[in-house]
Structures are given as C-alpha cells and as structure tokens.
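First comes the structure, then the notes that go with it.
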Amino acid sequence: MDDKLLIASRVAQELRPGTLVNLGIGLPTLVASLVPRDAQIFFQSENGIIGMQSVPEHGLEDDDLTDAGGRPISALPGAATFDSAMSFGLIRGGHLDVTVLGGLQVDRNGRLANWMVPGKMVPGMGGAMDLVTGARRVIVAMTHTAKGEHKIVDSCTLPLTSTRCVDLVVTELAVLQPTPEGMLLKELAPGVSIEQVQTATGTPLIVPPHVPTMSVA
Amino acid sequence: MSKTLKAADAVARIPDGAVLMIGGFMGVGTPHRLIDELVRQRKQGLTVIANDTARPGVGIGKLITARLVRKVIASHIGTNPETQAQMIAGDIEVELVPQGTLAERVRAGGFGLGAVVTPTGVGTVVAEGKRTIEIDGRVFLLELPLRADYALVNARQADHIGNLAYALTARNFNPLIAMAADVVLAEPQEIVPVGVIPPDAVMTPSVVVTHIIARESAHG
C-alpha cells in the first residue's frame with residue numbers, strides 16, 4: 001500500500017460517528033475519502049462549512065461552495081455555512097472533536113511545528129495555530145522522516161505551532177503517542193520492526209512489552 | 001438618497017496608500033469588479049487586510065501581481081509565490097496572523113472592543129512583543145483590534161437600501177469587515193428590491209453599508 005494511503009487509512013479508524021472533524025490540506029484530506037459514507041462524521045472546512053462532501057460532478061460546481069484550498073466541494077443534507085468568526089469559534093471554543101494535520105516536526109512530548117521553515121518557506125499558519133490550540137483531539141498524519149532527516153525529535157528546531165501537545169502521531173512506520181515521559185510506540189505498520197522505527201526516530205521510544213500491528217483495510 | 005455607485009466611481013474615491021479590508025478566501029467571496037478597478041486605476045501603496053492573497057491572477061492576487069500592495073496582514077500567503085517573492089525582496093511587508101485571531105481582531109475593530117484575549121499563539125513566535133494575561137491560571141495573548149479606511153465586501157444579494165445576504169462559503173470574512181471600516185463598499189452579485197431579503201436572512205444590516213456597487217447593465 002502507498003505510504004500516504006496507509007497513513008490516511010489508519011487515521012480514518014480514529015474518527016467516531018457523530019463527531020465534528022477538521023482535515024488539513026494535503027495528506028489529511030485523503031482521510032475523508034476513506035471514511036464510510038454512512039459514518040455520520042461531519043467534516044468542517046475552516047472557510048465556513050460543516051458538512052462538506054467530495055467534489056461535485058463536473059458541471060455542477062458552485063463558485064461559492066469551496067474548501068479551504070478554494071476547490072469546489074458539495075454539501076451534505078444538514079450542512080451549515082457560517083462566517084470566519086463562527087468557524088474559529090467552533091475550533092477554539094472546544095466544539096471541534098478532532099483535527100488531523102500534517103507535521104514538519106513533533107517533539108518527544110508532542111509539541112508540533114508545521115507552519116514555517118525560517119529562510120526557506122514562510123506560507124503562514126492559516127488556521128493551524130487555532131486548530132492545535134482548540135481542538136479536543138489533535139492527530140498528526142505525516143511521513144516518518146523527510147529526505148532521511150528525523151521529524152520526530154527530542155526538541156523541535158522549527159517554530160512551534162502551539163505549546164499544546166498533540167494526542168497521536170500516525171506515520172507509514174508506526175502509531176505513536178507522545179507522553180510527558182516521551183514518545184510511546186503504540187503500533188507498528190505491517191512488516192516494520194521496532195528497530196526500524198527507532199532508527200527513523202530522533203528520540204528514544206518507550207516500547208511496551210507487546211506492540212500490536214496496525215490494522216489497515 | 002441612492003447609495004448606488006459605479007465600481008469605477010467608488011474606486012476613484014480611494015486614495016493611494018489606503019488601508020483596505022477585502023473579503024474572500026482564496027478568491028471565493030472576493031469583490032472581483034472592485035479589485036479589477038483598483039488595478040485599472042493603479043491605486044498604489046495599499047495596505048490589504050484579508051485572509052490570504054489567493055493565487056497569482058486570482059482575486060487579491062491581481063493586486064499583488066500589479067505591485068500595488070505595500071503591506072499585507074493575512075493568515076496565509078503560501079498559495080501565492082509572488083507575495084512571497086515580493087516579501088523576500090523587501091517590497092511588501094507581511095504580518096502573518098493566525099486565522100481565528102485575524103477574524104476576531106477584525107470583529108473587535110468593528111464591534112467596539114479594545115482587544116482580543118486568545119489562547120492561540122501563546123508560546124510561539126506570534127506572541128513576540130505582545131502582552132499576555134493570566135485568567136484562572138490559563139495564559140492568553142492580548143491581540144489588538146484592526147480597522148480599515150475601506151471595506152470591500154462581496155455579497156450574494158443587496159437590497160436597494162444595502163441590506164446584505166451572503167452565499168455559502170463566500171461569506172467568510174465579509175460580514176466581519178463590513179463592520180470594521182470607515183467606508184463600506186458592497187459589491188453584490190444581485191440587487192433586489194427592499195423586502196426580497198427577509199429580515200431573518202439579512203446578515204449585514206444596511207446601516208453599515210456606505211455604497212452598493214451598481215450592476216453593469218447588460219443593455220448598454
């Protein structure tokens with residue numbers, strides 16, 4: 001299975017019926033297509049909608065109905081639209097159950113850096129700082145390393161997105177849970193060894209006696 | 001007295017160096033005719049307060065491409081390489097603000113509040129040089145209100161006195177900026193008689209709208 005699809009499939013299992021979920025641009029967006037259609041999960045797009053659904057049939061797009069990347073979407077029956085203050089009131093006010101975001105670095109306790117590389121890439125934080133600060137549960141979906149460099153590290157060298165620690169990290173190698181004591185290894189991807197994950201990780205893993213294998217559809 | 005103005009006449013009143021709030025999210029809900037007039041009349045040295053600078057050639061991206069912008073206050077410029085290039089060259093000053101904080105700073109400016117007190121950005125580079133406040137053991141960042149000389153608002157409908165209703169995700173920052181500027185220019189997709197927008201459906205009341213941008217007649 002393709003790495004990104006593997007990550008997105010595992011993240012999709014974390015989403016519960018009846019919850020409000022916000023997906024970041026890129027890899028996290030894949031998750032929406034892997035959730036059963038009858039799962040009753042409400043996806044929020046921070047540009048102002050709850051109940052977004054996949055791209056409409058060509059020719060049925062509405063210029064005023066888009067996702068946060070400006071791409072056409074459709075709306076489920078029961079969808080709601082609102083302004084940006086309401087959208088971020090939902091996010092910051094504790095009404096958002098889960099956010100799934102990409103990451104550049106995560107430290108051993110779960111502090112996330114995902115919005116800039118000084119001197120190289122300064123896109124802006126968009127909604128990421130509000131999402132990490134306000135969502136009830138933050139899941140980071142990212143590749144385990146970047147061009148051989150560690151992304152899961154003792155301490156982030158890139159500017160933080162928030163001081164709030166994320167709840168779960170899902171990569172193509174493992175599922176990890178940051179704790180105050182360090183990074184706990186929760187699951188291994190099929191065919192991956194504990195040693196492989198440790199080599200690809202820039203902080204000592206806490207390894208329980210039994211580490212189950214990720215179940216991916 | 002009619003509030004209606006042609007786009008060209010409304011933009012002619014905007015001086016060089018003006019501070020503009022512009023609605024839209026990646027160009028969706030952006031008043032495109034007003035943007036085109038700003039470019040055509042080459043208004044210089046603008047400060048733009050908006051969610052993003054869209055893409056080159058799209059929405060606010062047209063102002064960037066035409067090099068009319070001196071300063072941008074936005075949450076995201078990553079989709080427009082021209083904004084980033086002009087920032088690196090020192091031609092544009094960019095202040096990046098978390099999106100929820102930007103919405104609330106605009107809201108505070110329009111709602112008469114002295115500050116926004118938010119947990120977002122605490123302990124990050126966003127907090128540098130800003131005051132923090134501890135309330136019940138939790139630390140918050142004190143962010144200041146934003147106001148503008150002009151708000152350039154896109155709406156789905158305006159009635160003849162300027163009540164506004166917005167469409168779907170084109171609403172975004174529009175109702176917020178409509179409260180936070182000295183002069184509010186509303187560019188509706190459709191102008192309807194008073195009463196067509198039911199009171200419950202009015203999202204911005206007419207009293208805050210200075211001018212309605214006239215439709216270009218299809219009949220010459």
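Residue numbers start at 1 in each chain; chains themselves are named A, B, ... in the order of the structure tokens; ligands are numbered from 1 in the order shown.
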
Within 9 Å of chain A: residues of chain B, using only C-alpha atoms, as a ChimeraX atom specification: /B:25-29,51-52,54,74-80,84,96-104,107,118-125,167-176

Export of the given selection (C-alpha atoms) as a PDB file, in the first residue's frame:
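Generated output (selection-v7.pdb):
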ATOM      1  CA  PHE B  25     -10.974  33.096   0.994  1.00  0.00           C
ATOM      2  CA  MET B  26      -8.707  32.028  -1.876  1.00  0.00           C
ATOM      3  CA  GLY B  27     -10.664  34.416  -4.098  1.00  0.00           C
ATOM      4  CA  VAL B  28     -14.054  32.961  -3.121  1.00  0.00           C
ATOM      5  CA  GLY B  29     -16.242  35.783  -1.816  1.00  0.00           C
ATOM      6  CA  ASN B  51      -7.412  36.112   4.925  1.00  0.00           C
ATOM      7  CA  ASP B  52      -4.943  35.386   2.119  1.00  0.00           C
ATOM      8  CA  ALA B  54      -5.138  33.906  -3.234  1.00  0.00           C
ATOM      9  CA  ALA B  74      -3.148  37.903   6.404  1.00  0.00           C
ATOM     10  CA  SER B  75      -3.160  34.372   7.791  1.00  0.00           C
ATOM     11  CA  HIS B  76      -1.673  32.701   4.739  1.00  0.00           C
ATOM     12  CA  ILE B  77       0.374  33.687   1.688  1.00  0.00           C
ATOM     13  CA  GLY B  78       1.661  30.207   0.772  1.00  0.00           C
ATOM     14  CA  THR B  79      -0.542  29.822  -2.302  1.00  0.00           C
ATOM     15  CA  ASN B  80       0.829  32.973  -3.921  1.00  0.00           C
ATOM     16  CA  GLN B  84       6.429  35.540  -1.014  1.00  0.00           C
ATOM     17  CA  LEU B  96       1.050  36.843   9.477  1.00  0.00           C
ATOM     18  CA  VAL B  97      -1.834  36.394  11.904  1.00  0.00           C
ATOM     19  CA  PRO B  98      -3.489  33.098  12.919  1.00  0.00           C
ATOM     20  CA  GLN B  99      -6.761  32.884  11.013  1.00  0.00           C
ATOM     21  CA  GLY B 100      -9.039  32.776  14.032  1.00  0.00           C
ATOM     22  CA  THR B 101      -7.153  35.665  15.606  1.00  0.00           C
ATOM     23  CA  LEU B 102      -7.438  37.670  12.371  1.00  0.00           C
ATOM     24  CA  ALA B 103     -11.216  37.128  12.321  1.00  0.00           C
ATOM     25  CA  GLU B 104     -11.505  38.228  15.945  1.00  0.00           C
ATOM     26  CA  ARG B 107     -14.523  41.679  14.705  1.00  0.00           C
ATOM     27  CA  THR B 118      -6.983  34.427  22.918  1.00  0.00           C
ATOM     28  CA  PRO B 119      -5.045  31.257  23.782  1.00  0.00           C
ATOM     29  CA  THR B 120      -3.904  30.926  20.150  1.00  0.00           C
ATOM     30  CA  GLY B 121      -0.235  31.774  19.623  1.00  0.00           C
ATOM     31  CA  VAL B 122       0.847  31.679  23.279  1.00  0.00           C
ATOM     32  CA  GLY B 123       4.442  30.413  23.492  1.00  0.00           C
ATOM     33  CA  THR B 124       5.050  30.812  19.734  1.00  0.00           C
ATOM     34  CA  VAL B 125       6.707  33.483  17.588  1.00  0.00           C
ATOM     35  CA  ALA B 167     -23.651  32.772  -0.222  1.00  0.00           C
ATOM     36  CA  LEU B 168     -22.301  29.540   1.302  1.00  0.00           C
ATOM     37  CA  THR B 169     -18.509  29.656   1.798  1.00  0.00           C
ATOM     38  CA  ALA B 170     -18.308  33.053   0.054  1.00  0.00           C
ATOM     39  CA  ARG B 171     -19.410  34.586   3.366  1.00  0.00           C
ATOM     40  CA  ASN B 172     -16.100  34.062   5.248  1.00  0.00           C
ATOM     41  CA  PHE B 173     -14.671  37.462   6.324  1.00  0.00           C
ATOM     42  CA  ASN B 174     -17.267  39.625   4.524  1.00  0.00           C
ATOM     43  CA  PRO B 175     -19.758  40.254   7.359  1.00  0.00           C
ATOM     44  CA  LEU B 176     -16.835  40.933   9.740  1.00  0.00           C
TER      45      LEU B 176
END

Within 9 Å of stretch 202-218 of chain B using only C-alpha atoms, minus same-chain residues under 4 positions, as a ChimeraX atom specification: /B:2-7,10,33-34,158-166,175-176,178-179,182-191,197-198

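Shortest separation to B:Ala85 among A:Phe43, A:Pro209, A:Leu176, A:Lys120 occurs at residue A:Lys120, atoms counted being only C-alpha atoms.
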
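Residue nearest B:Asp149, chosen from B:Ile133, B:Leu46, B:Ala181, B:Ile60 and counting only C-alpha atoms: B:Ala181.
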
Pick out the residues sitting within 9 Å of A:Pro212, and hand them over as a short mmCIF file (atom, residue, chain, number, x, y, z; two decimals) with N, CA and C atoms, in the first residue's frame; count only C-alpha atoms, and ignore anything fewer than 6 positions along from it in its own chain.
data_model
loop_
_atom_site.label_atom_id
_atom_site.label_comp_id
_atom_site.auth_asym_id
_atom_site.auth_seq_id
_atom_site.Cartn_x
_atom_site.Cartn_y
_atom_site.Cartn_z
N LYS A 186 2.92 2.73 19.91
CA LYS A 186 1.61 2.08 20.12
C LYS A 186 1.37 0.94 19.15
N GLU A 187 1.75 1.15 17.89
CA GLU A 187 1.52 0.13 16.86
C GLU A 187 2.63 0.21 15.83
N LEU A 188 2.89 -0.93 15.19
CA LEU A 188 3.85 -0.99 14.09
C LEU A 188 3.09 -1.21 12.78
N ALA A 189 3.55 -0.57 11.71
CA ALA A 189 2.97 -0.85 10.40
C ALA A 189 3.32 -2.27 9.99
#

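Here atom CA of A:Arg111 stands at a distance of 13.4 Å from atom CA of A:Arg137.
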
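Using only C-alpha atoms, the residues found no farther than 9 Å from B:Arg42, other than those of its own chain fewer than 6 positions away, are Asp16, Ala66 and Leu68 of chain B.
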
Filtering to C-alpha atoms, could you give me those residues as a PDB file, in the first residue's frame?
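Saved file selection26.pdb follows:
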ATOM      1  CA  ASP B  16      -3.219  55.847  -2.801  1.00  0.00           C
ATOM      2  CA  ALA B  66       0.215  44.617 -10.276  1.00  0.00           C
ATOM      3  CA  LEU B  68       0.012  47.869  -5.777  1.00  0.00           C
TER       4      LEU B  68
END

For A:Ala146: contacts at 12 Å, only C-alpha atoms, fewer than 4 positions along chain excluded, given as a list in words: Gly103, Leu104, Gln105, Met142, His150, Lys151, Ile152, Thr171, Ala200 and Thr201 of chain A

Would you mind exporting C-alpha atoms of the selected residues as a compact mmCIF listing (two decimals), in the first residue's frame?
# COMPACT_ATOMS: atom_id res chain seq x y z
CA GLY A 103 3.66 17.99 10.51
CA LEU A 104 7.23 19.13 9.88
CA GLN A 105 8.47 18.16 13.37
CA MET A 142 2.83 12.65 8.34
CA HIS A 150 14.23 12.89 11.55
CA LYS A 151 10.85 14.58 12.02
CA ILE A 152 10.11 13.03 15.41
CA THR A 171 3.20 7.61 10.09
CA ALA A 200 13.93 6.58 11.90
CA THR A 201 13.08 8.41 15.13

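Using only C-alpha atoms, the smallest distance between any of A:Ile25, A:Ile73, A:Ala79, A:Ile41 and A:Leu101 comes from A:Ile25.
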
Selection: 8 Å around A:Val140, only C-alpha atoms, excl. self and same-chain fewer than 2 positions, as a PyMOL selection string: chain A and resi 100-103+138+142+166+168-170

Expected answer as a PyMOL selection string: alpha helix (DSSP H) residues in stretch 40-205 of chain A: chain A and resi 84-92+128-134+194-199

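Of the residues under consideration (A:Thr99, A:Gln13, A:Thr199, A:Ser54), A:Gln13 shows the shortest atom-to-atom contact distance to A:Val35 when counting only C-alpha atoms.
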
Near-B:Leu142 list (8 Å; only C-alpha atoms; drop same-chain fewer than 4 positions) as a PyMOL selection string: chain B and resi 115-118+130-133

Export C-alpha atoms of the chosen residues as an mmCIF file, in the first residue's frame?
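To be explicit, this is the file written out as result.cif:
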data_model
loop_
_atom_site.group_PDB
_atom_site.id
_atom_site.type_symbol
_atom_site.label_atom_id
_atom_site.label_comp_id
_atom_site.auth_asym_id
_atom_site.auth_seq_id
_atom_site.Cartn_x
_atom_site.Cartn_y
_atom_site.Cartn_z
ATOM 1 C CA ALA B 115 -8.694 43.833 22.461
ATOM 2 C CA VAL B 116 -8.960 40.136 21.747
ATOM 3 C CA VAL B 117 -7.789 37.791 24.500
ATOM 4 C CA THR B 118 -6.983 34.427 22.918
ATOM 5 C CA LYS B 130 2.815 41.101 22.850
ATOM 6 C CA ARG B 131 1.249 41.259 26.280
ATOM 7 C CA THR B 132 -0.081 38.127 27.965
ATOM 8 C CA ILE B 133 -2.836 37.917 30.549
#
